[in-house]
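Content type PDB, N, CA and C atoms, from the file final_21.pdb:
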ATOM      1  N   MET X  27      11.868 -81.122  -4.468
ATOM      2  CA  MET X  27      11.554 -81.504  -3.117
ATOM      3  C   MET X  27      10.317 -80.741  -2.680
ATOM      4  N   HIS X  28       9.453 -81.403  -1.964
ATOM      5  CA  HIS X  28       8.206 -80.805  -1.507
ATOM      6  C   HIS X  28       8.493 -79.734  -0.456
ATOM      7  N   PRO X  29       7.784 -78.590  -0.513
ATOM      8  CA  PRO X  29       8.037 -77.512   0.455
ATOM      9  C   PRO X  29       7.868 -77.952   1.908
ATOM     10  N   LEU X  30       6.901 -78.839   2.179
ATOM     11  CA  LEU X  30       6.727 -79.299   3.552
ATOM     12  C   LEU X  30       7.915 -80.143   4.020
ATOM     13  N   ALA X  31       8.543 -80.853   3.100
ATOM     14  CA  ALA X  31       9.728 -81.624   3.462
ATOM     15  C   ALA X  31      10.869 -80.688   3.856
ATOM     16  N   ILE X  32      11.006 -79.578   3.136
ATOM     17  CA  ILE X  32      12.046 -78.600   3.462
ATOM     18  C   ILE X  32      11.777 -77.978   4.822
ATOM     19  N   VAL X  33      10.511 -77.626   5.070
ATOM     20  CA  VAL X  33      10.140 -77.032   6.355
ATOM     21  C   VAL X  33      10.383 -78.032   7.482
ATOM     22  N   GLY X  34      10.013 -79.283   7.259
ATOM     23  CA  GLY X  34      10.223 -80.312   8.273
ATOM     24  C   GLY X  34      11.689 -80.546   8.566
ATOM     25  N   ALA X  35      12.504 -80.581   7.507
ATOM     26  CA  ALA X  35      13.943 -80.772   7.700
ATOM     27  C   ALA X  35      14.551 -79.601   8.462
ATOM     28  N   THR X  36      14.131 -78.397   8.120
ATOM     29  CA  THR X  36      14.640 -77.216   8.811
ATOM     30  C   THR X  36      14.227 -77.219  10.275
ATOM     31  N   ALA X  37      12.967 -77.555  10.536
ATOM     32  CA  ALA X  37      12.489 -77.617  11.926
ATOM     33  C   ALA X  37      13.246 -78.687  12.714
ATOM     34  N   GLY X  38      13.508 -79.814  12.082
ATOM     35  CA  GLY X  38      14.262 -80.869  12.744
ATOM     36  C   GLY X  38      15.669 -80.437  13.094
ATOM     37  N   LYS X  39      16.325 -79.730  12.165
ATOM     38  CA  LYS X  39      17.676 -79.237  12.432
ATOM     39  C   LYS X  39      17.671 -78.224  13.577
ATOM     40  N   LEU X  40      16.694 -77.304  13.550
ATOM     41  CA  LEU X  40      16.619 -76.302  14.613
ATOM     42  C   LEU X  40      16.381 -76.959  15.970
ATOM     43  N   ALA X  41      15.504 -77.959  16.011
ATOM     44  CA  ALA X  41      15.242 -78.667  17.266
ATOM     45  C   ALA X  41      16.502 -79.382  17.740
ATOM     46  N   HIS X  42      17.221 -80.001  16.817
ATOM     47  CA  HIS X  42      18.467 -80.693  17.163
ATOM     48  C   HIS X  42      19.478 -79.713  17.751
ATOM     49  N   TYR X  43      19.659 -78.566  17.098
ATOM     50  CA  TYR X  43      20.617 -77.582  17.587
ATOM     51  C   TYR X  43      20.197 -77.035  18.955
ATOM     52  N   ALA X  44      18.908 -76.806  19.127
ATOM     53  CA  ALA X  44      18.418 -76.281  20.406
ATOM     54  C   ALA X  44      18.672 -77.277  21.536
ATOM     55  N   VAL X  45      18.313 -78.522  21.306
ATOM     56  CA  VAL X  45      18.516 -79.537  22.339
ATOM     57  C   VAL X  45      20.000 -79.735  22.610
ATOM     58  N   SER X  46      20.812 -79.791  21.565
ATOM     59  CA  SER X  46      22.258 -79.962  21.747
ATOM     60  C   SER X  46      22.848 -78.789  22.518
ATOM     61  N   GLY X  47      22.415 -77.592  22.188
ATOM     62  CA  GLY X  47      22.917 -76.410  22.883
ATOM     63  C   GLY X  47      22.536 -76.387  24.348
ATOM     64  N   VAL X  48      21.297 -76.720  24.642
ATOM     65  CA  VAL X  48      20.836 -76.736  26.035
ATOM     66  C   VAL X  48      21.582 -77.797  26.828
ATOM     67  N   VAL X  49      21.672 -78.997  26.278
ATOM     68  CA  VAL X  49      22.370 -80.079  26.978
ATOM     69  C   VAL X  49      23.844 -79.723  27.167
ATOM     70  N   GLY X  50      24.485 -79.226  26.126
ATOM     71  CA  GLY X  50      25.890 -78.832  26.245
ATOM     72  C   GLY X  50      26.085 -77.727  27.270
ATOM     73  N   GLY X  51      25.194 -76.750  27.264
ATOM     74  CA  GLY X  51      25.275 -75.664  28.247
ATOM     75  C   GLY X  51      25.102 -76.167  29.664
ATOM     76  N   LEU X  52      24.161 -77.070  29.865
ATOM     77  CA  LEU X  52      23.956 -77.634  31.203
ATOM     78  C   LEU X  52      25.162 -78.439  31.664
ATOM     79  N   ILE X  53      25.737 -79.190  30.753
ATOM     80  CA  ILE X  53      26.908 -79.983  31.120
ATOM     81  C   ILE X  53      28.050 -79.072  31.554
ATOM     82  N   ILE X  54      28.334 -78.053  30.788
ATOM     83  CA  ILE X  54      29.469 -77.178  31.091
ATOM     84  C   ILE X  54      29.187 -76.283  32.298
ATOM     85  N   LYS X  55      27.948 -75.815  32.435
ATOM     86  CA  LYS X  55      27.592 -74.894  33.515
ATOM     87  C   LYS X  55      27.471 -75.594  34.867
ATOM     88  N   ASN X  56      26.877 -76.761  34.896
ATOM     89  CA  ASN X  56      26.552 -77.417  36.154
ATOM     90  C   ASN X  56      27.584 -78.424  36.632
ATOM     91  N   LEU X  57      28.571 -78.715  35.851
ATOM     92  CA  LEU X  57      29.588 -79.672  36.260
ATOM     93  C   LEU X  57      30.971 -79.043  36.173
ATOM     94  N   PRO X  58      31.300 -78.153  37.134
ATOM     95  CA  PRO X  58      32.592 -77.464  37.047
ATOM     96  C   PRO X  58      33.785 -78.415  37.042
ATOM     97  N   ALA X  59      33.705 -79.497  37.803
ATOM     98  CA  ALA X  59      34.834 -80.425  37.854
ATOM     99  C   ALA X  59      34.982 -81.211  36.562
ATOM    100  N   ALA X  60      33.899 -81.303  35.804
ATOM    101  CA  ALA X  60      33.920 -82.105  34.581
ATOM    102  C   ALA X  60      34.170 -81.263  33.333
ATOM    103  N   LYS X  61      34.474 -79.981  33.499
ATOM    104  CA  LYS X  61      34.665 -79.117  32.325
ATOM    105  C   LYS X  61      35.715 -79.638  31.348
ATOM    106  N   PRO X  62      36.900 -80.040  31.800
ATOM    107  CA  PRO X  62      37.871 -80.560  30.824
ATOM    108  C   PRO X  62      37.358 -81.819  30.121
ATOM    109  N   ALA X  63      36.699 -82.689  30.865
ATOM    110  CA  ALA X  63      36.168 -83.909  30.251
ATOM    111  C   ALA X  63      35.037 -83.575  29.287
ATOM    112  N   ALA X  64      34.174 -82.613  29.685
ATOM    113  CA  ALA X  64      33.070 -82.215  28.815
ATOM    114  C   ALA X  64      33.605 -81.571  27.543
ATOM    115  N   ARG X  65      34.613 -80.725  27.694
ATOM    116  CA  ARG X  65      35.208 -80.083  26.515
ATOM    117  C   ARG X  65      35.810 -81.127  25.591
ATOM    118  N   LYS X  66      36.516 -82.098  26.170
ATOM    119  CA  LYS X  66      37.125 -83.156  25.370
ATOM    120  C   LYS X  66      36.047 -83.960  24.646
ATOM    121  N   ALA X  67      34.937 -84.243  25.334
ATOM    122  CA  ALA X  67      33.838 -84.986  24.713
ATOM    123  C   ALA X  67      33.194 -84.179  23.586
ATOM    124  N   LEU X  68      33.005 -82.871  23.810
ATOM    125  CA  LEU X  68      32.415 -82.030  22.772
ATOM    126  C   LEU X  68      33.322 -81.923  21.554
ATOM    127  N   VAL X  69      34.616 -81.748  21.789
ATOM    128  CA  VAL X  69      35.566 -81.666  20.677
ATOM    129  C   VAL X  69      35.587 -82.994  19.917
ATOM    130  N   GLY X  70      35.561 -84.096  20.644
ATOM    131  CA  GLY X  70      35.516 -85.406  19.993
ATOM    132  C   GLY X  70      34.255 -85.597  19.171
ATOM    133  N   GLY X  71      33.132 -85.115  19.704
ATOM    134  CA  GLY X  71      31.876 -85.196  18.955
ATOM    135  C   GLY X  71      31.904 -84.362  17.691
ATOM    136  N   LEU X  72      32.466 -83.157  17.789
ATOM    137  CA  LEU X  72      32.588 -82.306  16.601
ATOM    138  C   LEU X  72      33.498 -82.938  15.559
ATOM    139  N   ALA X  73      34.605 -83.514  16.021
ATOM    140  CA  ALA X  73      35.523 -84.178  15.086
ATOM    141  C   ALA X  73      34.824 -85.344  14.394
ATOM    142  N   GLY X  74      34.046 -86.098  15.154
ATOM    143  CA  GLY X  74      33.284 -87.200  14.552
ATOM    144  C   GLY X  74      32.279 -86.690  13.535
ATOM    145  N   GLY X  75      31.651 -85.553  13.820
ATOM    146  CA  GLY X  75      30.709 -84.959  12.874
ATOM    147  C   GLY X  75      31.378 -84.520  11.591
ATOM    148  N   ILE X  76      32.581 -83.971  11.701
ATOM    149  CA  ILE X  76      33.328 -83.557  10.508
ATOM    150  C   ILE X  76      33.668 -84.771   9.651
ATOM    151  N   VAL X  77      34.138 -85.829  10.294
ATOM    152  CA  VAL X  77      34.477 -87.051   9.560
ATOM    153  C   VAL X  77      33.236 -87.625   8.882
ATOM    154  N   ALA X  78      32.117 -87.642   9.604
ATOM    155  CA  ALA X  78      30.874 -88.180   9.032
ATOM    156  C   ALA X  78      30.409 -87.344   7.846
ATOM    157  N   SER X  79      30.507 -86.015   7.951
ATOM    158  CA  SER X  79      30.058 -85.167   6.840
ATOM    159  C   SER X  79      30.939 -85.369   5.614
ATOM    160  N   ARG X  80      32.234 -85.590   5.818
ATOM    161  CA  ARG X  80      33.111 -85.863   4.674
ATOM    162  C   ARG X  80      32.743 -87.186   4.022
ATOM    163  N   TRP X  81      32.450 -88.195   4.850
ATOM    164  CA  TRP X  81      32.066 -89.505   4.318
ATOM    165  C   TRP X  81      30.780 -89.389   3.503
ATOM    166  N   VAL X  82      29.801 -88.635   4.013
ATOM    167  CA  VAL X  82      28.534 -88.461   3.295
ATOM    168  C   VAL X  82      28.774 -87.733   1.976
ATOM    169  N   ALA X  83      29.629 -86.715   1.974
ATOM    170  CA  ALA X  83      29.916 -85.976   0.742
ATOM    171  C   ALA X  83      30.578 -86.881  -0.291
ATOM    172  N   GLU X  84      31.504 -87.728   0.154
ATOM    173  CA  GLU X  84      32.161 -88.653  -0.775
ATOM    174  C   GLU X  84      31.161 -89.669  -1.333
ATOM    175  N   ALA X  85      30.277 -90.173  -0.477
ATOM    176  CA  ALA X  85      29.279 -91.144  -0.928
ATOM    177  C   ALA X  85      28.321 -90.503  -1.928
ATOM    178  N   ALA X  86      27.934 -89.251  -1.685
ATOM    179  CA  ALA X  86      27.040 -88.552  -2.611
ATOM    180  C   ALA X  86      27.720 -88.322  -3.956
ATOM    181  N   GLU X  87      28.993 -87.953  -3.946
ATOM    182  CA  GLU X  87      29.726 -87.745  -5.198
ATOM    183  C   GLU X  87      29.869 -89.051  -5.966
ATOM    184  N   GLU X  88      30.154 -90.130  -5.244
ATOM    185  CA  GLU X  88      30.266 -91.433  -5.901
ATOM    186  C   GLU X  88      28.936 -91.845  -6.528
ATOM    187  N   ALA X  89      27.837 -91.606  -5.833
ATOM    188  CA  ALA X  89      26.520 -91.934  -6.372
ATOM    189  C   ALA X  89      26.217 -91.090  -7.612
ATOM    190  N   ARG X  90      26.606 -89.807  -7.574
ATOM    191  CA  ARG X  90      26.378 -88.930  -8.729
ATOM    192  C   ARG X  90      27.166 -89.417  -9.940
ATOM    193  N   LEU X  91      28.415 -89.810  -9.709
ATOM    194  CA  LEU X  91      29.240 -90.295 -10.820
ATOM    195  C   LEU X  91      28.696 -91.600 -11.399
ATOM    196  N   LYS X  92      28.261 -92.513 -10.539
ATOM    197  CA  LYS X  92      27.693 -93.777 -11.016
ATOM    198  C   LYS X  92      26.413 -93.530 -11.814
ATOM    199  N   ALA X  93      25.586 -92.595 -11.340
ATOM    200  CA  ALA X  93      24.358 -92.268 -12.071
ATOM    201  C   ALA X  93      24.690 -91.680 -13.440
ATOM    202  N   GLY X  94      25.722 -90.830 -13.495
ATOM    203  CA  GLY X  94      26.149 -90.262 -14.775
ATOM    204  C   GLY X  94      26.656 -91.324 -15.731
ATOM    205  N   ASP X  95      27.400 -92.302 -15.203
ATOM    206  CA  ASP X  95      27.888 -93.402 -16.037
ATOM    207  C   ASP X  95      26.730 -94.219 -16.603
ATOM    208  N   MET X  96      25.734 -94.489 -15.763
ATOM    209  CA  MET X  96      24.589 -95.277 -16.225
ATOM    210  C   MET X  96      23.779 -94.501 -17.265
ATOM    211  N   LEU X  97      23.640 -93.178 -17.073
ATOM    212  CA  LEU X  97      22.927 -92.352 -18.053
ATOM    213  C   LEU X  97      23.681 -92.340 -19.384
ATOM    214  N   ALA X  98      24.998 -92.225 -19.335
ATOM    215  CA  ALA X  98      25.799 -92.245 -20.557
ATOM    216  C   ALA X  98      25.667 -93.585 -21.263
ATOM    217  N   GLU X  99      25.676 -94.673 -20.507
ATOM    218  CA  GLU X  99      25.522 -96.001 -21.100
ATOM    219  C   GLU X  99      24.143 -96.155 -21.748
ATOM    220  N   ALA X 100      23.120 -95.617 -21.094
ATOM    221  CA  ALA X 100      21.771 -95.690 -21.661
ATOM    222  C   ALA X 100      21.680 -94.899 -22.966
ATOM    223  N   ARG X 101      22.297 -93.706 -22.996
ATOM    224  CA  ARG X 101      22.281 -92.905 -24.226
ATOM    225  C   ARG X 101      23.044 -93.599 -25.340
ATOM    226  N   THR X 102      24.178 -94.230 -24.986
ATOM    227  CA  THR X 102      24.962 -94.957 -25.974
ATOM    228  C   THR X 102      24.169 -96.118 -26.543
ATOM    229  N   SER X 103      23.419 -96.815 -25.700
ATOM    230  CA  SER X 103      22.630 -97.949 -26.185
ATOM    231  C   SER X 103      21.509 -97.499 -27.119
ATOM    232  N   LEU X 104      21.098 -96.223 -27.022
ATOM    233  CA  LEU X 104      20.094 -95.679 -27.934
ATOM    234  C   LEU X 104      20.723 -95.091 -29.189
ATOM    235  N   GLY X 105      22.050 -95.102 -29.264
ATOM    236  CA  GLY X 105      22.741 -94.587 -30.434
ATOM    237  C   GLY X 105      22.984 -93.092 -30.378
ATOM    238  N   GLU X 106      22.780 -92.474 -29.227
ATOM    239  CA  GLU X 106      23.010 -91.035 -29.090
ATOM    240  C   GLU X 106      24.463 -90.771 -28.709
ATOM    241  N   GLU X 107      24.931 -89.586 -29.077
ATOM    242  CA  GLU X 107      26.273 -89.185 -28.686
ATOM    243  C   GLU X 107      26.211 -88.625 -27.267
ATOM    244  N   VAL X 108      27.115 -89.075 -26.458
ATOM    245  CA  VAL X 108      27.126 -88.648 -25.060
ATOM    246  C   VAL X 108      28.030 -87.434 -24.918
ATOM    247  N   PRO X 109      27.506 -86.322 -24.363
ATOM    248  CA  PRO X 109      28.357 -85.156 -24.172
ATOM    249  C   PRO X 109      29.372 -85.420 -23.061
ATOM    250  N   PRO X 110      30.559 -84.823 -23.167
ATOM    251  CA  PRO X 110      31.560 -85.023 -22.106
ATOM    252  C   PRO X 110      31.096 -84.358 -20.810
ATOM    253  N   PRO X 111      31.455 -84.937 -19.681
ATOM    254  CA  PRO X 111      31.062 -84.318 -18.409
ATOM    255  C   PRO X 111      31.807 -83.006 -18.206
ATOM    256  N   SER X 112      31.126 -82.044 -17.630
ATOM    257  CA  SER X 112      31.732 -80.749 -17.380
ATOM    258  C   SER X 112      31.057 -80.102 -16.192
ATOM    259  N   ALA X 113      31.836 -79.520 -15.309
ATOM    260  CA  ALA X 113      31.279 -78.818 -14.158
ATOM    261  C   ALA X 113      30.848 -77.412 -14.556
ATOM    262  N   VAL X 114      31.479 -76.867 -15.609
ATOM    263  CA  VAL X 114      31.181 -75.511 -16.046
ATOM    264  C   VAL X 114      30.766 -75.570 -17.499
ATOM    265  N   LYS X 115      29.652 -74.941 -17.805
ATOM    266  CA  LYS X 115      29.176 -74.903 -19.178
ATOM    267  C   LYS X 115      29.780 -73.675 -19.862
ATOM    268  N   ALA X 116      30.552 -73.912 -20.921
ATOM    269  CA  ALA X 116      31.189 -72.804 -21.648
ATOM    270  C   ALA X 116      30.241 -72.326 -22.743
ATOM    271  N   GLU X 117      29.973 -71.048 -22.721
ATOM    272  CA  GLU X 117      29.079 -70.449 -23.725
ATOM    273  C   GLU X 117      29.751 -69.218 -24.318
ATOM    274  N   ASP X 118      29.418 -68.928 -25.565
ATOM    275  CA  ASP X 118      29.915 -67.720 -26.213
ATOM    276  C   ASP X 118      29.085 -66.559 -25.664
ATOM    277  N   HIS X 119      29.715 -65.618 -25.006
ATOM    278  CA  HIS X 119      28.980 -64.534 -24.396
ATOM    279  C   HIS X 119      29.128 -63.216 -25.145
ATOM    280  N   GLY X 120      29.461 -63.258 -26.437
ATOM    281  CA  GLY X 120      29.362 -62.096 -27.308
ATOM    282  C   GLY X 120      30.581 -61.204 -27.401
ATOM    283  N   HIS X 121      31.653 -61.486 -26.729
ATOM    284  CA  HIS X 121      32.851 -60.679 -26.899
ATOM    285  C   HIS X 121      34.090 -61.548 -26.663
ATOM    286  N   GLU X 122      35.230 -60.998 -27.144
ATOM    287  CA  GLU X 122      36.477 -61.747 -27.032
ATOM    288  C   GLU X 122      37.286 -61.228 -25.852
ATOM    289  N   HIS X 123      38.138 -62.095 -25.320
ATOM    290  CA  HIS X 123      39.017 -61.687 -24.225
ATOM    291  C   HIS X 123      40.426 -61.538 -24.707
TER     292      HIS X 123
END
For this file, produce the structure as structure tokens.
Amino acid sequence: MHPLAIVGATAGKLAHYAVSGVVGGLIIKNLPAAKPAARKALVGGLAGGIVASRWVAEAAEEARLKAGDMLAEARTSLGEEVPPPSAVKAEDHGHEH
């Protein structure tokens, strides 16, 4: 990833958090009668964010698995042996346990 893309993404996140914090603070500070409603809305928004982040994580994992399947199929079509998938690479580290 390009360094400017990382900087831009970070700046965007910081701006989002700043604006969200200011707006949330103004809502809670300036609307005393609406505090329970504001709290309920904020909690609902956070819950929606958690659900959305889980959905994105599942979609990313599914895309990774599909890409791995296609890579394995491509290697098989070339006559290569496909290594089994593994999250941890086991290596001999010079001593026995």
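In this structure, atom CA of Arg80 of chain X sits 24.7 Å away from atom CA of Val33 of chain X.
Taking atom CA of Gly74 of chain X and atom CA of Gly47 of chain X as endpoints, the distance between them is 17.1 Å.
Of note, atom CA of Ala35 of chain X and atom N of Ile76 of chain X are spaced 19.3 Å apart.
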Using the file's own x, y and z axes, so that the box edges lie along x, y and z, what centre and edge lengths in Å (one decimal) does a box around every listed atom of segment 83-95 of chain X get when 6 Å is added on each side? Give it as lines of an AutoDock Vina configuration file.
center_x = 28.3
center_y = -90.1
center_z = -7.3
size_x = 19.8
size_y = 20.2
size_z = 30.6
Output as a PyMOL selection string all residues of segment 40-116 of chain X that backbone DSSP marks as alpha helix (DSSP H). chain X and resi 40-56+61-103
I'd like to see the residues matched by the PyMOL selection byres (((chain X and resi 67-69 and name CA) around 12) and name CA) on this file, and ideally I'd get them as a PyMOL selection string. chain X and resi 46-47+49-51+53-54+60-66+70-76
